[in-house]
Structures are given as structure tokens and as C-alpha cells.
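Dumped final-v5.cif below, it's mmCIF, C-alpha atoms and all ligand atoms:
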```
data_my_file
#
loop_
_atom_site.label_atom_id
_atom_site.label_comp_id
_atom_site.auth_asym_id
_atom_site.auth_seq_id
_atom_site.Cartn_x
_atom_site.Cartn_y
_atom_site.Cartn_z
CA MET P 215 -35.51 143.83 156.08
CA SER P 216 -33.49 146.92 156.91
CA ALA P 217 -29.76 146.70 156.25
CA VAL P 218 -27.41 146.43 159.19
CA VAL P 219 -24.59 147.75 157.01
CA ALA P 220 -25.42 150.12 154.17
CA VAL P 221 -22.60 151.35 151.96
CA SER P 222 -23.53 153.66 149.11
CA ASN P 223 -21.33 154.97 146.32
CA LEU P 224 -18.23 154.78 148.51
CA VAL P 225 -14.99 156.23 147.14
CA VAL P 226 -11.76 155.83 149.13
CA SER P 227 -8.25 156.84 148.07
CA TYR P 228 -4.86 156.67 149.76
CA GLY P 229 -2.63 159.73 149.68
CA MET P 230 0.90 159.00 148.41
CA ASP P 231 3.90 161.27 147.91
CA ASP P 232 3.29 161.22 144.17
CA GLY P 233 -0.51 161.48 144.16
CA GLU P 234 -3.33 159.17 145.15
CA VAL P 235 -4.30 155.54 144.75
CA PHE P 236 -8.02 154.89 144.37
CA ALA P 237 -8.76 151.71 146.29
CA VAL P 238 -12.57 151.80 146.37
CA ASP P 239 -14.19 153.52 143.42
CA GLY P 240 -17.96 153.73 143.87
CA VAL P 241 -19.16 150.69 145.82
CA ASP P 242 -22.72 149.98 146.96
CA LEU P 243 -23.25 147.22 149.50
CA ASP P 244 -26.20 146.42 151.76
CA ILE P 245 -25.93 143.65 154.33
CA VAL P 246 -29.16 142.35 155.85
CA PRO P 247 -29.22 140.78 159.32
CA GLY P 248 -27.93 137.22 159.40
CA GLU P 249 -26.72 136.89 155.83
CA SER P 250 -23.27 135.76 154.72
CA VAL P 251 -21.61 137.74 151.98
CA GLY P 252 -18.32 136.86 150.35
CA ILE P 253 -16.18 139.52 148.71
CA VAL P 254 -13.58 138.21 146.26
CA GLY P 255 -11.06 139.63 143.85
CA GLU P 256 -7.38 139.59 143.06
CA SER P 257 -4.81 141.27 145.28
CA GLY P 258 -5.30 145.05 145.23
CA SER P 259 -8.93 144.96 144.14
CA GLY P 260 -10.01 146.89 147.27
CA LYS P 261 -11.47 144.11 149.46
CA SER P 262 -9.67 145.07 152.68
CA THR P 263 -10.20 148.77 152.11
CA LEU P 264 -13.94 148.18 151.78
CA GLY P 265 -14.06 145.84 154.80
CA MET P 266 -12.05 148.10 157.08
CA ALA P 267 -13.87 151.23 155.88
CA ILE P 268 -17.05 149.79 157.41
CA GLY P 269 -15.43 150.33 160.83
CA ARG P 270 -13.56 153.46 159.68
CA LEU P 271 -10.43 151.50 160.48
CA LEU P 272 -8.26 152.56 157.56
CA ALA P 273 -4.62 153.65 157.48
CA PRO P 274 -4.06 157.33 158.33
CA ASN P 275 -3.37 158.21 154.67
CA ALA P 276 -6.84 157.01 153.61
CA ARG P 277 -9.32 159.63 152.43
CA PHE P 278 -13.06 159.20 152.09
CA LEU P 279 -13.85 161.07 148.89
CA GLY P 280 -17.50 160.24 148.54
CA GLY P 281 -20.41 158.12 149.58
CA GLU P 282 -21.91 157.02 152.84
CA ILE P 283 -21.55 154.12 155.29
CA ARG P 284 -24.23 153.29 157.82
CA VAL P 285 -23.87 150.65 160.50
CA ALA P 286 -26.92 149.95 162.64
CA ARG P 287 -28.38 153.11 161.06
CA ARG P 288 -25.57 155.35 162.29
CA SER P 289 -23.43 157.25 159.84
CA ILE P 290 -19.89 155.96 160.28
CA LEU P 291 -18.27 158.75 158.31
CA SER P 292 -19.81 161.61 160.22
CA CYS P 293 -20.51 160.38 163.75
CA PRO P 294 -18.40 161.73 166.65
CA ALA P 295 -15.43 159.65 167.87
CA ALA P 296 -17.19 158.38 171.01
CA GLU P 297 -20.17 157.15 169.00
CA LEU P 298 -17.87 155.54 166.45
CA ARG P 299 -16.11 153.62 169.23
CA GLN P 300 -19.46 152.44 170.52
CA VAL P 301 -20.61 151.27 167.07
CA ARG P 302 -17.34 149.39 166.60
CA ARG P 303 -17.61 147.74 169.98
CA ASP P 304 -21.28 146.86 169.88
CA SER P 305 -22.05 146.23 166.23
CA LEU P 306 -18.88 145.07 164.49
CA GLY P 307 -16.45 142.22 165.08
CA PHE P 308 -13.24 141.97 163.04
CA VAL P 309 -11.21 138.84 162.33
CA TYR P 310 -7.89 139.48 160.63
CA GLN P 311 -5.55 137.51 158.44
CA ASN P 312 -2.77 137.19 160.98
CA PRO P 313 -4.03 136.36 164.47
CA MET P 314 -0.62 136.87 166.07
CA SER P 315 -0.48 140.52 165.04
CA ALA P 316 -4.11 141.01 166.08
CA LEU P 317 -3.36 139.94 169.65
CA ASP P 318 -1.40 141.96 172.21
CA PRO P 319 1.81 140.02 173.00
CA THR P 320 2.19 141.73 176.38
CA LEU P 321 -1.25 141.05 177.87
CA ARG P 322 -2.50 137.70 179.12
CA VAL P 323 -5.16 136.27 176.82
CA GLY P 324 -7.76 136.42 179.59
CA ARG P 325 -7.14 140.13 180.10
CA GLN P 326 -7.64 140.80 176.38
CA VAL P 327 -10.88 138.84 176.46
CA ALA P 328 -12.01 140.77 179.56
CA LEU P 329 -11.33 144.08 177.81
CA ALA P 330 -13.32 142.92 174.79
CA ILE P 331 -16.30 141.86 176.91
CA GLY P 332 -16.08 145.02 179.03
CA GLU P 333 -18.09 145.79 182.15
CA ARG P 334 -15.66 144.03 184.47
CA ALA P 335 -15.89 140.53 183.07
CA GLY P 336 -15.00 137.79 185.58
CA PRO P 337 -13.14 134.49 185.03
CA ALA P 338 -16.37 132.57 184.41
CA GLU P 339 -17.41 134.82 181.54
CA ILE P 340 -13.90 134.86 180.08
CA GLU P 341 -13.64 131.08 180.15
CA ALA P 342 -17.15 130.63 178.80
CA LEU P 343 -16.30 132.81 175.80
CA LEU P 344 -13.03 130.95 175.15
CA GLY P 345 -15.00 127.71 175.41
CA ARG P 346 -17.53 128.95 172.86
CA VAL P 347 -14.85 129.23 170.20
CA GLY P 348 -13.78 125.65 170.86
CA LEU P 349 -10.63 126.21 172.89
CA PRO P 350 -9.88 123.27 175.16
CA ASP P 351 -8.91 124.15 178.72
CA PRO P 352 -10.06 127.80 178.59
CA ALA P 353 -8.63 128.57 182.06
CA ARG P 354 -5.13 127.67 180.90
CA VAL P 355 -5.49 129.65 177.66
CA ALA P 356 -6.75 132.67 179.62
CA ALA P 357 -3.73 132.57 181.93
CA GLY P 358 -1.22 132.40 179.06
CA PHE P 359 0.13 134.71 176.38
CA ALA P 360 -0.48 134.77 172.64
CA HIS P 361 2.96 133.36 171.75
CA GLU P 362 2.09 130.16 173.61
CA LEU P 363 -0.76 129.44 171.17
CA SER P 364 -0.72 127.70 167.80
CA GLY P 365 -1.96 129.74 164.82
CA GLY P 366 -5.34 128.02 164.89
CA MET P 367 -5.78 128.57 168.64
CA ALA P 368 -4.73 132.21 168.30
CA GLN P 369 -7.31 132.70 165.54
CA ARG P 370 -9.95 131.18 167.86
CA VAL P 371 -8.99 133.79 170.47
CA VAL P 372 -9.29 136.57 167.85
CA ILE P 373 -12.75 135.23 166.97
CA ALA P 374 -13.64 135.21 170.68
CA LEU P 375 -12.64 138.89 170.88
CA ALA P 376 -14.71 139.61 167.77
CA ILE P 377 -17.90 138.02 169.12
CA ALA P 378 -17.42 139.18 172.73
CA ARG P 379 -20.23 141.72 172.55
CA ASN P 380 -22.49 139.81 170.15
CA PRO P 381 -21.94 142.11 167.18
CA ALA P 382 -24.50 142.34 164.41
CA VAL P 383 -21.77 141.87 161.80
CA LEU P 384 -18.57 139.86 161.67
CA ILE P 385 -16.01 141.03 159.11
CA ALA P 386 -13.37 138.37 158.43
CA ASP P 387 -10.49 139.43 156.16
CA GLU P 388 -8.67 136.35 154.81
CA PRO P 389 -9.22 134.68 158.21
CA THR P 390 -7.50 131.44 157.22
CA ALA P 391 -4.73 132.72 154.94
CA SER P 392 -2.01 132.40 157.59
CA LEU P 393 -3.17 129.04 158.95
CA ASP P 394 -2.18 125.46 158.10
CA ALA P 395 -4.44 123.91 155.48
CA SER P 396 -5.58 121.33 158.06
CA ILE P 397 -7.09 124.01 160.29
CA GLN P 398 -8.58 126.32 157.66
CA GLY P 399 -11.86 124.45 157.26
CA VAL P 400 -12.25 124.16 161.04
CA ILE P 401 -11.97 127.93 161.48
CA LEU P 402 -14.46 128.56 158.66
CA ASP P 403 -16.83 126.01 160.23
CA LEU P 404 -16.51 127.87 163.53
CA LEU P 405 -17.39 131.20 161.92
CA ALA P 406 -20.39 129.57 160.23
CA ALA P 407 -21.58 128.00 163.49
CA LEU P 408 -21.24 131.27 165.38
CA ARG P 409 -23.16 133.09 162.68
CA ARG P 410 -25.94 130.53 162.94
CA ASP P 411 -26.02 130.68 166.74
CA THR P 412 -25.86 134.45 167.12
CA GLY P 413 -27.77 135.58 164.03
CA ALA P 414 -24.85 137.85 163.08
CA SER P 415 -24.13 138.66 159.46
CA LEU P 416 -20.79 137.55 158.06
CA ILE P 417 -18.69 139.43 155.53
CA LEU P 418 -15.91 137.15 154.33
CA LEU P 419 -13.13 138.75 152.30
CA SER P 420 -10.85 136.46 150.34
CA HIS P 421 -9.10 135.92 147.02
CA ASP P 422 -10.30 132.29 147.16
CA LEU P 423 -13.45 132.41 145.04
CA ARG P 424 -14.27 128.72 145.31
CA MET P 425 -14.08 128.73 149.11
CA VAL P 426 -16.14 131.91 149.41
CA ALA P 427 -18.78 130.64 146.97
CA ARG P 428 -19.11 127.50 149.06
CA ARG P 429 -19.24 129.35 152.37
CA CYS P 430 -21.40 132.39 151.62
CA GLU P 431 -24.94 132.89 150.40
CA ARG P 432 -24.07 135.94 148.36
CA LEU P 433 -20.97 136.76 146.38
CA LEU P 434 -19.52 140.11 145.35
CA VAL P 435 -16.68 140.17 142.85
CA MET P 436 -14.45 143.24 143.02
CA TYR P 437 -12.10 144.58 140.39
CA GLY P 438 -10.30 147.91 140.37
CA GLY P 439 -12.15 149.14 143.45
CA ARG P 440 -15.59 148.35 142.06
CA VAL P 441 -18.09 145.54 142.37
CA VAL P 442 -18.28 144.04 138.88
CA GLU P 443 -20.73 141.21 139.66
CA SER P 444 -22.86 140.30 142.65
CA GLY P 445 -25.62 137.85 143.37
CA PRO P 446 -26.44 134.48 144.91
CA SER P 447 -23.19 132.49 145.19
CA GLY P 448 -24.31 129.45 143.23
CA ARG P 449 -25.54 131.56 140.34
CA VAL P 450 -22.46 133.75 140.15
CA PHE P 451 -20.04 130.84 140.53
CA HIS P 452 -21.71 128.39 138.17
CA HIS P 453 -23.11 130.88 135.64
CA PRO P 454 -20.83 133.91 135.82
CA ARG P 455 -21.74 136.79 133.56
CA HIS P 456 -18.96 139.35 133.94
CA PRO P 457 -15.85 138.54 131.89
CA TYR P 458 -13.72 139.13 134.97
CA THR P 459 -15.71 136.65 137.08
CA ARG P 460 -15.32 134.09 134.31
CA ALA P 461 -11.59 134.67 134.07
CA LEU P 462 -11.26 134.46 137.86
CA ILE P 463 -13.10 131.12 137.92
CA ARG P 464 -10.98 129.72 135.11
CA ALA P 465 -7.90 130.77 137.08
CA ALA P 466 -9.12 129.26 140.37
CA ALA P 467 -7.58 126.13 141.88
CA GLY P 468 -9.92 123.22 141.34
CA ASN P 469 -10.65 124.24 137.73
CA GLU P 470 -7.52 122.75 136.19
CA GLY P 471 -7.94 121.81 132.56
CA PRO P 472 -6.28 119.00 130.60
CA GLY P 473 -2.77 118.36 131.90
CA GLY P 474 -3.63 119.90 135.26
CA MET P 475 -3.10 123.46 133.99
CA LEU P 476 -4.94 126.52 135.21
CA GLU P 477 -5.66 129.38 132.86
CA PRO P 478 -4.21 132.53 134.43
CA ILE P 479 -5.73 135.93 133.65
CA PRO P 480 -3.27 137.68 131.33
CA GLY P 481 -1.94 141.02 132.57
CA VAL P 482 -2.06 142.49 136.06
CA PRO P 483 -4.75 144.37 137.99
CA PRO P 484 -4.53 148.16 137.74
CA VAL P 485 -3.28 150.54 140.41
CA LEU P 486 -5.80 153.34 139.93
CA ARG P 487 -4.36 156.84 140.11
CA ARG P 488 -7.82 158.36 139.59
CA SER P 489 -11.43 157.29 139.65
CA SER P 490 -11.60 155.37 136.40
CA PRO P 491 -13.92 156.88 133.80
CA ASP P 492 -14.17 153.61 131.86
CA CYS P 493 -14.33 149.88 132.62
CA ALA P 494 -11.26 149.16 134.76
CA PHE P 495 -11.12 145.59 133.39
CA ALA P 496 -11.11 146.64 129.71
CA GLU P 497 -7.32 146.30 129.37
CA ARG P 498 -7.48 142.60 130.27
CA CYS P 499 -10.90 141.70 128.90
CA GLU P 500 -11.07 139.30 125.99
CA PHE P 501 -14.37 140.86 124.87
CA ALA P 502 -13.41 144.55 125.21
CA GLN P 503 -14.92 146.93 122.67
CA PRO P 504 -14.00 150.62 122.10
CA ARG P 505 -16.91 151.68 124.32
CA CYS P 506 -15.39 149.81 127.29
CA ARG P 507 -12.37 152.15 127.23
CA GLN P 508 -14.53 155.26 127.02
CA GLU P 509 -17.53 154.79 129.24
CA ARG P 510 -18.06 153.52 132.75
CA PRO P 511 -20.49 150.59 132.65
CA ALA P 512 -23.78 150.93 134.49
CA VAL P 513 -24.97 148.07 136.68
CA HIS P 514 -27.40 145.76 134.86
CA ARG P 515 -29.72 143.36 136.59
CA VAL P 516 -29.41 140.15 134.59
CA ASP P 517 -30.53 136.63 135.37
CA GLY P 518 -30.84 137.19 139.14
CA ARG P 519 -27.60 139.08 139.70
CA GLU P 520 -26.07 142.50 139.08
CA VAL P 521 -23.35 142.95 136.50
CA ALA P 522 -21.33 146.09 135.75
CA CYS P 523 -20.55 145.43 132.09
CA HIS P 524 -21.74 147.18 128.93
CA TYR P 525 -22.30 143.78 127.36
CA ALA P 526 -23.86 141.98 130.31
CA THR P 527 -26.91 141.00 128.28
CA SER P 528 -25.18 140.65 124.93
CA GLU P 529 -24.62 137.48 122.91
CA LEU P 530 -20.97 138.51 122.71
CA ILE P 531 -20.46 137.36 126.27
CA ARG P 532 -23.30 134.88 126.67
CA ALA P 533 -21.86 132.59 124.05
CA ASP P 534 -18.56 132.33 125.91
CA ARG P 535 -17.17 128.88 126.58
CA ALA P 536 -16.68 129.28 130.34
CA SER P 537 -20.33 129.67 131.13
CA ALA P 538 -20.21 127.29 134.06
CA ALA P 539 -17.67 126.16 136.59
CA PRO P 540 -17.48 122.52 137.63
CA ALA P 541 -19.16 121.81 140.93
N1 LIG P 601 -2.11 152.43 153.31
C1 LIG P 601 -2.07 152.41 151.97
N2 LIG P 601 -1.39 153.36 151.29
C2 LIG P 601 -1.37 153.38 149.93
N3 LIG P 601 -2.00 152.49 149.16
C3 LIG P 601 -2.68 151.51 149.78
C4 LIG P 601 -2.75 151.41 151.21
N4 LIG P 601 -3.50 150.33 151.53
C5 LIG P 601 -3.89 149.78 150.34
N5 LIG P 601 -3.41 150.48 149.30
C6 LIG P 601 -3.64 150.23 147.85
O1 LIG P 601 -5.04 150.24 147.63
C7 LIG P 601 -5.43 149.25 146.69
C8 LIG P 601 -6.44 148.30 147.31
O2 LIG P 601 -5.79 147.60 148.38
P1 LIG P 601 -6.54 146.57 149.34
O3 LIG P 601 -5.58 146.19 150.40
O4 LIG P 601 -7.85 147.15 149.77
O5 LIG P 601 -6.81 145.36 148.34
P2 LIG P 601 -7.17 143.82 148.67
O6 LIG P 601 -8.18 143.42 147.64
O7 LIG P 601 -7.52 143.66 150.10
O8 LIG P 601 -5.80 143.09 148.32
P3 LIG P 601 -5.14 141.76 149.02
O9 LIG P 601 -5.84 140.58 148.37
O10 LIG P 601 -3.70 141.86 148.61
O11 LIG P 601 -5.36 141.82 150.48
C9 LIG P 601 -4.12 148.58 146.24
O12 LIG P 601 -3.67 149.24 145.06
C10 LIG P 601 -3.19 148.85 147.40
O13 LIG P 601 -1.84 148.86 147.01
MG MG P 602 -6.72 142.52 151.63
#
```

Take the structure in the file and write it out as C-alpha cells.
Ligand SMILES: Nc1ncnc2c1ncn2[C@@H]1O[C@H](COP(=O)(O)OP(=O)(O)OP(=O)(O)O)[C@@H](O)[C@H]1O
Ligand SMILES: [Mg+2]
Amino acid sequence: MSAVVAVSNLVVSYGMDDGEVFAVDGVDLDIVPGESVGIVGESGSGKSTLGMAIGRLLAPNARFLGGEIRVARRSILSCPAAELRQVRRDSLGFVYQNPMSALDPTLRVGRQVALAIGERAGPAEIEALLGRVGLPDPARVAAGFAHELSGGMAQRVVIALAIARNPAVLIADEPTASLDASIQGVILDLLAALRRDTGASLILLSHDLRMVARRCERLLVMYGGRVVESGPSGRVFHHPRHPYTRALIRAAAGNEGPGGMLEPIPGVPPVLRRSSPDCAFAERCEFAQPRCRQERPAVHRVDGREVACHYATSELIRADRASAAPA
């Protein structure tokens, strides 16, 4: 099946006064119609940069240094502005972390929905869309302003805006991070139901590996701007191969050991000032060998997933204790 989003060898940096920060450092990602893909990694691993790059929606200091992005077969990095706007409107729907800042505080909700639908949407269409995302009393919501909504209701409105034109792909960046725990599952259920109903693909970006593994068919683990492991969620989560994936799972809530303690990953993620010529995780990796600090690992296909580690197939890593996460 042809990919609805095709990212190849993407490199993105941000210009700073004192140089550059490499946020995405050679990422390949194909999304086929209808699939759900979770992208996980610690803060700063490049998840949002990758997600927003798909719509060329990055901060003004971002620079595309290499690679290609195609959405619905159009080249996002080289198409003219008018075509880019059309691709964003028709093919992509974005759901952000903070619904309040994603909504316009000065426009009535109904007006924002009408603008998202386009082509002079009337009250019936506006209310039908607000109803589809589970908002009770859509007419009242449409007549009000964002500040009158709870966080969960506001996120439903943002999701309504995202699906207004039946996009091929929904990109949700930490869509529940700012919401009460009680509403998080409901919003994720809504995204799943809409994906099922519309046939859209879902890209879910989050630091919460357990949640993403449960919610998505495929999992990509990012570290230092690269994808270090990717494959079917169950396989990656229960039988991780990359040392970083293993460390991330050991550090994830729900995997507390004796005494209720989690095992944090020692050290901090890197801020890359250049495209790294080696394995970006080497400094924190319990298995690191001299080669890891000298040579960028190729991607190996192992046991039904792809792993960017020199020792992906080696006994060194296979014999590790954390070979499986509890269900
Ligand atoms: N506008 C910007 N200017 C400079 N550096 C930036 C900018 N946006 C992001 N970065 C840097 O790029 C790197 C990747 O950031 P990004 O926001 O993509 O990571 P993330 O995985 O989404 O993190 P988080 O989990 O905190 O949302 C980080 O080092 C970050 O500090
Ligand atoms: Mg982010």
C-alpha cells in the first residue's frame, strides 16, 4: 500500500545565537493509510520536531538540512505556499498538547469550526461535527468561547477542528498531557474511534511508552533525533532490542520493581550541536563498546523490527535481564 506520509532521511536543525541544535538527525518514516503509529522518547528526542515537520509547521529558526517529506505524494519541502496550505487543510489534522492555546480566545467556537470546515459551513454542519467528537449540546458549545470550556471539552473541539476536512492523517502531540487523568483515556478512545470511522492514520507522539504501546499498532522509539527501534508495538514493548528501549521500559511507570522503585536511566539526553557521527546513546548505554563512540550504527532488521544498534543481533544485548516488560 502506498504511504500517505513518507519521510526519508530527514535532518532538521534549529538556528541559535551560538550555533545550531540538531533536533532530527536522519529519520525515515512511512505511514500507510489507516495505521496507528506511536512515537516515543524522552523530552528533547525530536518527537515534536518530526511531527510538526510533516506539516512544515516548525518554528521560524528551524532549518531543513536534508531529506524529503511527502504527504499524499506531494513534496512538503518544495511545494509552493498555496499547495502547502491545501495539503495541510485536506490531508493533515493536528491535535496539540494544550487545547486552550490551540483555540482562538476571541472567536466563538462555532466560527472556528466553520473556518475549519470551509466552504461556508452552516449551523447544522458545525453542530454535527461538534456532536461527532462527543460534545453534549453542540449548539451551546458553538455559541460560546474557548474559556467557557473544560480542558477535556476544549480538546474535543481541537479534535473537531482536526477532523473537519476528513484528513488522511491525524498527528496528535501529547494530546492528553494537559488533561486530568480522568479524561485522558476518554480522549484517546475518541481518537481511536475517529480513526476507525474515518480510516485516517494516527501518529501519536508521547513520552508515555506504555500508553502508546497499548494504543498504537506500531511503535517508533526516538533518541537524539533518530529512530533507534521501530516495529509492531507488542514486540517492541515486550521484547525490546535496543538498549535505550529497554532502559525506557524499565524507567516507565507501571514497571516498578521491589519496593515500588523505578529504575531511571542514568544521565541526560544529549543536546546535539551537530549531526552525531556515532551512536547518540553511547554515553548512557550500559553495553557501549569503543565502536559505539566512533561509528554511526546502521539499521538492522532483527526479529520483526528495525534496530539502530551495532550490537542488535549480538549475545551482549540479547542476554540482558530486561528482555520483557510485564503486560
Ligand atoms: N524553536 C527551537 N529553537 C531551538 N531549539 C529547539 C526549538 N524547538 C526545539 N528545540 C530543541 O530541539 C530538540 C528536540 O526538541 P523537540 O521539541 O522536537 O523534542 P520532543 O521529543 O518533542 O520533546 P518533549 O517531550 O519535551 O516535547 C531539543 O533539544 C529542543 O530543545
Ligand atoms: Mg514535544

How big is the axis-aligned box around all listed atoms of range 391-404 of chain P once 5 Å goes on each side, and where's its centre, in Å to one decimal, as JSON?
```
{"center_x": -9.4, "center_y": 127.0, "center_z": 159.2, "size_x": 24.8, "size_y": 21.4, "size_z": 18.6}
```

## Note on the structure
A straight line from CA of Ala276 in chain P to CA of Ile331 in chain P spans 29.4 Å

### Residues within 12 Å of range 394-407 of chain P, all atoms listed in the file, excluding chain neighbours under 5 positions, as a ChimeraX atom specification
/P:248-251,307-309,311,313,345-349,364-374,376-377,383-389,412-418,425-426,428-431

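The smallest atom-to-atom distance between ligand MG 602 (chain P) and any of P:Asp422, P:Asp244, P:Asp411, P:Glu234, using all atoms listed in the file, is found for P:Asp422.
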
### Message
Would you compute the distance between atom C7 of ligand LIG 601 (chain P) and CA of Gly260 in chain P? Give it in Å to one decimal.
### Response
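So the answer is 5.2 Å.
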
#### Entry: Which of P:Pro319, P:Gly439, P:Gly252, P:Pro381 sits closest to ligand LIG 601 (chain P) [using all atoms listed in the file]
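For ligand LIG 601 (chain P), the nearest of the candidates is P:Gly439.
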
### Message
Would you pick out the contacts of Pro491 in chain P at 9 Å or less, using all atoms listed in the file, so that residues sharing its chain but fewer than 5 positions from it are not included, and give the list as a PyMOL selection string?
### Response
chain P and resi 507-510

### Query
Can you tell me how far CA of Glu341 in chain P sits from CA of Phe359 in chain P, in Å to one decimal?
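Interatomic distance, CA of Glu341 in chain P to CA of Phe359 in chain P: 14.7 Å.
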
### Query
Using all atoms listed in the file, what are the residues with an atom within 7 Å of ligand LIG 601 (chain P), set out as number ranges by chain?
P: 228-230, 235-237, 255-264, 273, 275-276, 420-421, 439, 485-486

### Message
Distance cut-off 9 Å, centre (-7.2, 127.6, 143.2) in file coordinates, counting all atoms listed in the file: which residues qualify? Return them as number ranges by chain.
### Response
P: 422-424, 463, 465-470, 476

### Query
Which one is closest to ligand MG 602 (chain P): P:Ala391, P:Cys506, P:Val221, P:Ala356? Count all atoms listed in the file.
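Closest to ligand MG 602 (chain P), using all atoms listed in the file: P:Ala391.
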
### Query
Which neighbours of Asp318 in chain P fall inside 12 Å, counting all atoms listed in the file, when residues of the same chain fewer than 2 positions from it are skipped, and could you give them as an MDAnalysis selection string?
chainID P and resid 313:316 320:327 329 358:361 368 371:372 375

### Nearest to Arg287 in chain P, chosen from P:Val435, P:Val355, P:Ile340, P:Val301, with all atoms listed in the file counted in the distances
P:Val301

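Of the residues under consideration (P:Arg303, P:Arg487, P:Leu271, P:Pro337), P:Arg487 shows the shortest atom-to-atom contact distance to Asp232 in chain P when counting all atoms listed in the file.
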
#### Entry: Contacts of Tyr458 in chain P at 8 Å (only C-alpha atoms; same-chain gap of 4+ positions) as an NGL selection string
:P and (437 or 442 or 462 or 495 or 499)

Please fill the gaps in range 232-240 of chain P so it has all heavy atoms, and write that as an mmCIF file, in the frame of the given file.
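Result written to out_10.cif:
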```
data_model
loop_
_atom_site.group_PDB
_atom_site.id
_atom_site.type_symbol
_atom_site.label_atom_id
_atom_site.label_comp_id
_atom_site.auth_asym_id
_atom_site.auth_seq_id
_atom_site.Cartn_x
_atom_site.Cartn_y
_atom_site.Cartn_z
ATOM 1 N N ASP P 232 3.411 160.831 145.573
ATOM 2 C CA ASP P 232 3.290 161.220 144.170
ATOM 3 C C ASP P 232 1.839 161.234 143.690
ATOM 4 O O ASP P 232 1.570 161.049 142.519
ATOM 5 C CB ASP P 232 4.123 160.271 143.302
ATOM 6 C CG ASP P 232 3.645 158.831 143.450
ATOM 7 O OD1 ASP P 232 2.882 158.541 144.402
ATOM 8 O OD2 ASP P 232 4.001 157.996 142.606
ATOM 9 N N GLY P 233 0.895 161.409 144.587
ATOM 10 C CA GLY P 233 -0.510 161.480 144.160
ATOM 11 C C GLY P 233 -1.377 160.565 145.006
ATOM 12 O O GLY P 233 -1.112 160.359 146.186
ATOM 13 N N GLU P 234 -2.400 160.019 144.385
ATOM 14 C CA GLU P 234 -3.330 159.170 145.150
ATOM 15 C C GLU P 234 -3.519 157.830 144.465
ATOM 16 O O GLU P 234 -3.328 157.700 143.257
ATOM 17 C CB GLU P 234 -4.692 159.852 145.217
ATOM 18 C CG GLU P 234 -4.610 161.228 145.807
ATOM 19 C CD GLU P 234 -5.939 161.647 146.390
ATOM 20 O OE1 GLU P 234 -6.427 160.949 147.296
ATOM 21 O OE2 GLU P 234 -6.472 162.648 145.929
ATOM 22 N N VAL P 235 -3.900 156.839 145.288
ATOM 23 C CA VAL P 235 -4.300 155.540 144.750
ATOM 24 C C VAL P 235 -5.765 155.354 145.121
ATOM 25 O O VAL P 235 -6.126 155.456 146.300
ATOM 26 C CB VAL P 235 -3.455 154.404 145.359
ATOM 27 C CG1 VAL P 235 -4.041 153.057 144.989
ATOM 28 C CG2 VAL P 235 -2.015 154.504 144.890
ATOM 29 N N PHE P 236 -6.599 155.125 144.109
ATOM 30 C CA PHE P 236 -8.020 154.890 144.370
ATOM 31 C C PHE P 236 -8.220 153.402 144.665
ATOM 32 O O PHE P 236 -7.966 152.561 143.807
ATOM 33 C CB PHE P 236 -8.866 155.341 143.187
ATOM 34 C CG PHE P 236 -9.092 156.820 143.205
ATOM 35 C CD1 PHE P 236 -8.058 157.687 142.903
ATOM 36 C CD2 PHE P 236 -10.320 157.335 143.574
ATOM 37 C CE1 PHE P 236 -8.258 159.057 142.958
ATOM 38 C CE2 PHE P 236 -10.526 158.702 143.633
ATOM 39 C CZ PHE P 236 -9.496 159.568 143.322
ATOM 40 N N ALA P 237 -8.630 153.110 145.876
ATOM 41 C CA ALA P 237 -8.760 151.710 146.290
ATOM 42 C C ALA P 237 -10.212 151.239 146.202
ATOM 43 O O ALA P 237 -10.470 150.073 145.905
ATOM 44 C CB ALA P 237 -8.242 151.547 147.710
ATOM 45 N N VAL P 238 -11.146 152.125 146.495
ATOM 46 C CA VAL P 238 -12.570 151.800 146.370
ATOM 47 C C VAL P 238 -13.183 152.923 145.523
ATOM 48 O O VAL P 238 -12.994 154.099 145.816
ATOM 49 C CB VAL P 238 -13.253 151.699 147.756
ATOM 50 C CG1 VAL P 238 -14.758 151.619 147.613
ATOM 51 C CG2 VAL P 238 -12.734 150.479 148.510
ATOM 52 N N ASP P 239 -13.852 152.546 144.452
ATOM 53 C CA ASP P 239 -14.190 153.520 143.420
ATOM 54 C C ASP P 239 -15.691 153.477 143.079
ATOM 55 O O ASP P 239 -16.079 153.187 141.957
ATOM 56 C CB ASP P 239 -13.330 153.211 142.179
ATOM 57 C CG ASP P 239 -13.444 154.280 141.104
ATOM 58 O OD1 ASP P 239 -13.900 155.391 141.413
ATOM 59 O OD2 ASP P 239 -13.071 153.994 139.954
ATOM 60 N N GLY P 240 -16.515 153.677 144.123
ATOM 61 C CA GLY P 240 -17.960 153.730 143.870
ATOM 62 C C GLY P 240 -18.627 152.396 144.166
ATOM 63 O O GLY P 240 -19.164 151.752 143.266
#
```
